[in-house]
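Here is the file data_15.txt (compact mmCIF, C-alpha atoms).
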```txt
# COMPACT_ATOMS: atom_id res chain seq x y z
CA MET N 1 -6.27 -3.95 19.68
CA GLU N 2 -6.61 -2.98 16.04
CA LEU N 3 -9.84 -3.99 14.31
CA TRP N 4 -10.58 -4.23 10.60
CA ASP N 5 -14.00 -4.04 8.94
CA ILE N 6 -15.21 -7.14 7.11
CA TYR N 7 -16.53 -6.55 3.59
CA ASP N 8 -18.69 -8.70 1.32
CA SER N 9 -17.78 -9.61 -2.26
CA ASN N 10 -19.36 -6.34 -3.49
CA LYS N 11 -16.98 -4.35 -1.25
CA GLN N 12 -19.77 -3.38 1.11
CA VAL N 13 -19.12 -3.22 4.86
CA THR N 14 -20.94 -6.07 6.62
CA GLY N 15 -21.05 -4.42 10.06
CA ARG N 16 -18.73 -7.08 11.46
CA THR N 17 -15.06 -6.68 12.33
CA MET N 18 -12.02 -8.88 12.73
CA LYS N 19 -8.85 -8.54 14.79
CA ARG N 20 -5.76 -7.46 12.89
CA ASN N 21 -4.06 -10.43 11.19
CA ASP N 22 -6.60 -12.89 12.62
CA TRP N 23 -7.11 -14.51 9.18
CA CYS N 24 -10.57 -15.76 10.04
CA LEU N 25 -12.36 -14.68 6.88
CA LYS N 26 -14.63 -17.12 5.11
CA ASP N 27 -14.62 -17.37 1.35
CA GLY N 28 -16.58 -14.34 0.08
CA GLU N 29 -15.46 -12.14 3.00
CA TYR N 30 -12.71 -9.54 2.68
CA HIS N 31 -10.75 -6.90 4.52
CA LEU N 32 -9.56 -3.67 2.91
CA THR N 33 -5.96 -2.69 2.31
CA VAL N 34 -4.54 0.38 0.62
CA LEU N 35 -1.39 1.36 -1.22
CA GLY N 36 -0.31 4.99 -1.38
CA VAL N 37 2.10 5.72 -4.22
CA VAL N 38 3.89 9.06 -3.78
CA LYS N 39 5.09 10.83 -6.93
CA ARG N 40 7.29 13.91 -6.80
CA LYS N 41 5.93 16.47 -9.23
CA SER N 42 9.21 18.14 -10.22
CA ASP N 43 10.95 15.06 -11.62
CA GLY N 44 8.26 12.36 -11.78
CA ARG N 45 10.15 10.03 -9.44
CA PHE N 46 8.34 7.76 -7.01
CA LEU N 47 9.08 7.38 -3.31
CA ILE N 48 9.75 3.75 -2.46
CA THR N 49 10.91 2.21 0.79
CA LYS N 50 12.95 -0.87 1.60
CA ARG N 51 11.45 -3.32 4.10
CA VAL N 52 13.51 -4.02 7.22
CA MET N 53 15.27 -7.38 7.32
CA THR N 54 13.34 -8.37 10.45
CA LYS N 55 10.08 -8.62 8.48
CA SER N 56 8.83 -12.20 8.33
CA TRP N 57 7.54 -11.71 4.78
CA ALA N 58 9.65 -10.19 1.96
CA PRO N 59 12.46 -8.74 4.09
CA GLY N 60 14.69 -6.35 2.17
CA TRP N 61 12.21 -5.92 -0.69
CA TRP N 62 11.17 -2.54 -2.06
CA GLU N 63 7.58 -1.30 -1.80
CA VAL N 64 5.25 1.68 -1.67
CA SER N 65 3.46 2.73 1.50
CA GLY N 66 0.43 0.73 2.46
CA GLY N 67 -1.46 -1.32 4.97
CA ALA N 68 -4.89 -2.26 6.22
CA ALA N 69 -7.77 0.15 6.70
CA GLN N 70 -8.86 0.19 10.32
CA ALA N 71 -12.49 -0.32 11.30
CA GLY N 72 -14.53 2.78 10.49
CA GLU N 73 -11.79 4.29 8.34
CA THR N 74 -12.31 5.09 4.65
CA SER N 75 -9.74 3.82 2.20
CA LEU N 76 -8.58 7.39 1.47
CA GLU N 77 -8.12 8.06 5.20
CA ALA N 78 -6.17 4.81 5.50
CA ALA N 79 -3.94 5.64 2.54
CA ARG N 80 -3.16 9.11 3.90
CA ARG N 81 -2.45 7.66 7.36
CA GLU N 82 -0.17 4.92 6.01
CA VAL N 83 1.85 7.37 3.89
CA LEU N 84 2.23 9.74 6.87
CA GLU N 85 3.20 6.94 9.28
CA GLU N 86 5.66 5.30 6.91
CA THR N 87 7.25 8.34 5.22
CA GLY N 88 6.40 11.40 7.32
CA LEU N 89 4.78 13.06 4.27
CA ASP N 90 1.36 14.67 4.68
CA VAL N 91 -0.57 13.98 1.48
CA SER N 92 -3.92 15.25 2.74
CA GLY N 93 -3.81 18.21 0.32
CA CYS N 94 -3.46 16.03 -2.78
CA GLU N 95 -6.53 15.80 -5.00
CA ASN N 96 -7.85 13.11 -7.34
CA ALA N 97 -5.58 10.50 -5.79
CA TYR N 98 -7.70 7.36 -6.28
CA GLN N 99 -6.46 5.28 -9.22
CA PHE N 100 -8.01 1.78 -9.17
CA ASP N 101 -8.56 -1.30 -7.03
CA TYR N 102 -8.20 -5.03 -7.23
CA ARG N 103 -9.34 -8.03 -5.24
CA ARG N 104 -7.30 -10.97 -4.00
CA ASP N 105 -9.00 -14.24 -3.09
CA ASN N 106 -7.05 -16.81 -1.07
CA PRO N 107 -9.55 -19.68 -0.70
CA GLY N 108 -9.33 -21.48 2.61
CA GLU N 109 -6.62 -19.18 4.01
CA GLY N 110 -8.91 -16.65 5.74
CA ASP N 111 -7.05 -13.74 4.12
CA ASN N 112 -9.10 -12.32 1.25
CA TYR N 113 -8.74 -8.62 0.59
CA PHE N 114 -9.47 -5.64 -1.59
CA VAL N 115 -6.64 -3.24 -2.40
CA ASP N 116 -7.38 0.40 -3.19
CA ILE N 117 -4.53 2.14 -5.01
CA TYR N 118 -3.86 5.87 -4.63
CA ARG N 119 -1.26 8.10 -6.27
CA PHE N 120 -0.41 11.26 -4.41
CA GLU N 121 1.47 13.86 -6.43
CA LEU N 122 3.25 16.59 -4.52
CA GLU N 123 6.49 18.50 -4.25
CA PHE N 124 8.87 17.51 -1.46
CA ASP N 125 12.57 17.31 -0.68
CA GLU N 126 14.38 14.16 0.41
CA ALA N 127 14.92 15.87 3.78
CA ASP N 128 11.12 15.90 4.23
CA VAL N 129 10.99 12.08 4.16
CA LYS N 130 11.07 10.53 7.63
CA PRO N 131 10.95 6.75 7.16
CA GLN N 132 9.36 4.69 9.92
CA GLU N 133 12.40 2.92 11.39
CA ALA N 134 10.49 -0.14 12.62
CA GLU N 135 9.15 -0.76 9.11
CA THR N 136 11.77 0.53 6.67
CA ASP N 137 15.48 0.26 6.03
CA GLY N 138 15.76 3.39 3.92
CA PHE N 139 14.10 4.89 0.88
CA MET N 140 14.83 6.09 -2.61
CA LEU N 141 13.24 8.26 -5.26
CA ALA N 142 12.99 5.92 -8.23
CA THR N 143 11.97 6.15 -11.84
CA HIS N 144 9.41 3.75 -13.24
CA GLU N 145 12.26 1.97 -15.03
CA GLU N 146 14.15 1.46 -11.74
CA ILE N 147 11.01 0.11 -10.06
CA LYS N 148 10.41 -2.22 -12.99
CA ALA N 149 14.01 -3.46 -12.72
CA PHE N 150 13.48 -4.25 -9.01
CA ALA N 151 10.31 -6.13 -9.98
CA GLU N 152 12.19 -8.11 -12.62
CA GLN N 153 14.71 -9.06 -9.91
CA GLY N 154 11.78 -10.24 -7.78
CA ILE N 155 12.35 -7.65 -5.04
CA PHE N 156 9.45 -5.19 -5.48
CA LEU N 157 6.12 -6.00 -3.85
CA HIS N 158 2.84 -6.01 -5.79
CA TYR N 159 4.38 -4.69 -9.04
CA ASP N 160 2.33 -6.84 -11.42
CA SER N 161 -0.90 -5.74 -9.71
CA ILE N 162 -0.08 -2.02 -9.56
CA LYS N 163 2.33 -1.29 -12.43
CA LYS N 164 -0.12 0.98 -14.27
CA VAL N 165 -0.02 3.46 -11.35
CA PHE N 166 3.60 4.26 -12.31
CA GLU N 167 2.71 5.22 -15.90
```

As structure tokens, please, write out the structure in this file.
Amino acid sequence: MELWDIYDSNKQVTGRTMKRNDWCLKDGEYHLTVLGVVKRKSDGRFLITKRVMTKSWAPGWWEVSGGAAQAGETSLEAARREVLEETGLDVSGCENAYQFDYRRDNPGEGDNYFVDIYRFELEFDEADVKPQEAETDGFMLATHEEIKAFAEQGIFLHYDSIKKVFE
């Protein structure tokens, strides 16, 4: 069973945990999620993946790697793990990856969260990318303009919250 730490409104760990996707958080309580944007150094393109059609939320949409931090895991550890699990790329050697964070409050829904955004810049070939088949239906190396176009079509997750990471 996967557990997530519960944070207070100041993004401090409370010492309590919740079960994954339990959505039991009270107003003022949060869990931590991460997004790991991967940028290829040689051409400035970003690695994005397409969500499988079996996803209950946003099937077929484009996104960057991400997910929840597990209990006891730092946000950087979570971001590195999510990128590795979802793309097969090891970004542990990338420095200065943290970009910014934001907070999402969903009053009365039990699902309030912080999102830490990382940008990992490295050199890799398309053959190095090993998408997680249960989660993704392919990938592409996209320019910021292509990502923005997907967002304008309403098929790119979180774009309005994270668009500055692509600049």

Counting only C-alpha atoms, which of N:Ser65, N:Asn10, N:Asn21, N:Asn112 gets nearest to Arg51 in chain N?
N:Ser65

Using CA of Gly66 in chain N and CA of Met1 in chain N as the two end points, give the distance in Å to one decimal.
19.1 Å

Separation of CA of Arg119 in chain N and CA of Asp160 in chain N, in Å?
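A separation of 16.2 Å between them.
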
With distances taken over only C-alpha atoms, which of N:Gly138, N:Pro59, N:Gly44, N:Gly28 is nearest to Leu157 in chain N?
N:Pro59

Draw an axis-aligned box tight on the listed atoms of range 82-86 of chain N, then pad every side by 5 Å and write out centre and edge lengths in Å to one decimal as AutoDock Vina command-line options.
```
--center_x 2.7 --center_y 7.3 --center_z 6.6 --size_x 15.8 --size_y 14.8 --size_z 15.4
```

Can you tell me, as JSON, numbers by chain, what residues are no more than 12 Å from Gly110 in chain N when counting only C-alpha atoms, ignoring any on the same chain fewer than 6 positions away?
{"N": [6, 18, 21, 22, 23, 24, 25, 26, 27, 28, 29, 30, 31, 104]}

Asp101 in chain N: which residues within 12 Å, counting all atoms listed in the file, same-chain residues fewer than 4 positions away excluded, as a PyMOL selection string?
chain N and resi 11+32-36+75+113-119+161-162+164-165

Please identify all polymer residues within 6 Å of Trp4 in chain N, counting all atoms listed in the file, omitting same-chain residues fewer than 2 positions from it, and present them as a list in words.
Thr17, Met18, Gln70 and Ala71 of chain N

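Reported to one decimal place, the separation of CA of Ala68 in chain N from CA of Leu84 in chain N is 14.0 Å.
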
So which residues touch range 89-97 of chain N within 8 Å, counting only C-alpha atoms, skipping near sequence neighbours fewer than 2 positions away, as an NGL selection string?
:N and (80 or 83-84 or 87 or 99 or 118-122 or 128-130)

Using all atoms listed in the file, which residue out of N:Arg16, N:Lys148, N:Lys50, N:Arg40 lies closest to Glu133 in chain N?
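The closest residue to Glu133 in chain N is N:Lys50.
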
Select, from N:Thr54, N:Thr74, N:Gln153, N:Asn106, the residue with the minimum atom-to-atom distance to Ala134 in chain N, counting only C-alpha atoms.
N:Thr54

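With only C-alpha atoms as the atoms that count, the minimum distance from Val13 in chain N to the choices N:Ala58, N:Ile147, N:Ile155, N:Ala69 is reached by N:Ala69.
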
Expected residue set, 8 Å radius at (10.8, 5.7, -2.1), all atoms listed in the file, as a list of chain:residue names:
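Within the cut-off we find N:Val38, N:Phe46, N:Leu47, N:Ile48, N:Thr49, N:Lys50, N:Glu63, N:Val64, N:Phe139, N:Met140, N:Leu141, N:Ala142.
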
Can you write just those residues out, C-alpha atoms, as a PDB file, keeping the file's coordinate frame?
```pdb
ATOM      1  CA  VAL N  38       3.890   9.060  -3.780  1.00  0.00           C
ATOM      2  CA  PHE N  46       8.340   7.760  -7.010  1.00  0.00           C
ATOM      3  CA  LEU N  47       9.080   7.380  -3.310  1.00  0.00           C
ATOM      4  CA  ILE N  48       9.750   3.750  -2.460  1.00  0.00           C
ATOM      5  CA  THR N  49      10.910   2.210   0.790  1.00  0.00           C
ATOM      6  CA  LYS N  50      12.950  -0.870   1.600  1.00  0.00           C
ATOM      7  CA  GLU N  63       7.580  -1.300  -1.800  1.00  0.00           C
ATOM      8  CA  VAL N  64       5.250   1.680  -1.670  1.00  0.00           C
ATOM      9  CA  PHE N 139      14.100   4.890   0.880  1.00  0.00           C
ATOM     10  CA  MET N 140      14.830   6.090  -2.610  1.00  0.00           C
ATOM     11  CA  LEU N 141      13.240   8.260  -5.260  1.00  0.00           C
ATOM     12  CA  ALA N 142      12.990   5.920  -8.230  1.00  0.00           C
TER      13      ALA N 142
END
```

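In terms of minimum interatomic distance to Ala151 in chain N, N:Trp61 ranks closest within N:Phe100, N:Phe124, N:Trp61, N:Phe166, counting all atoms listed in the file.
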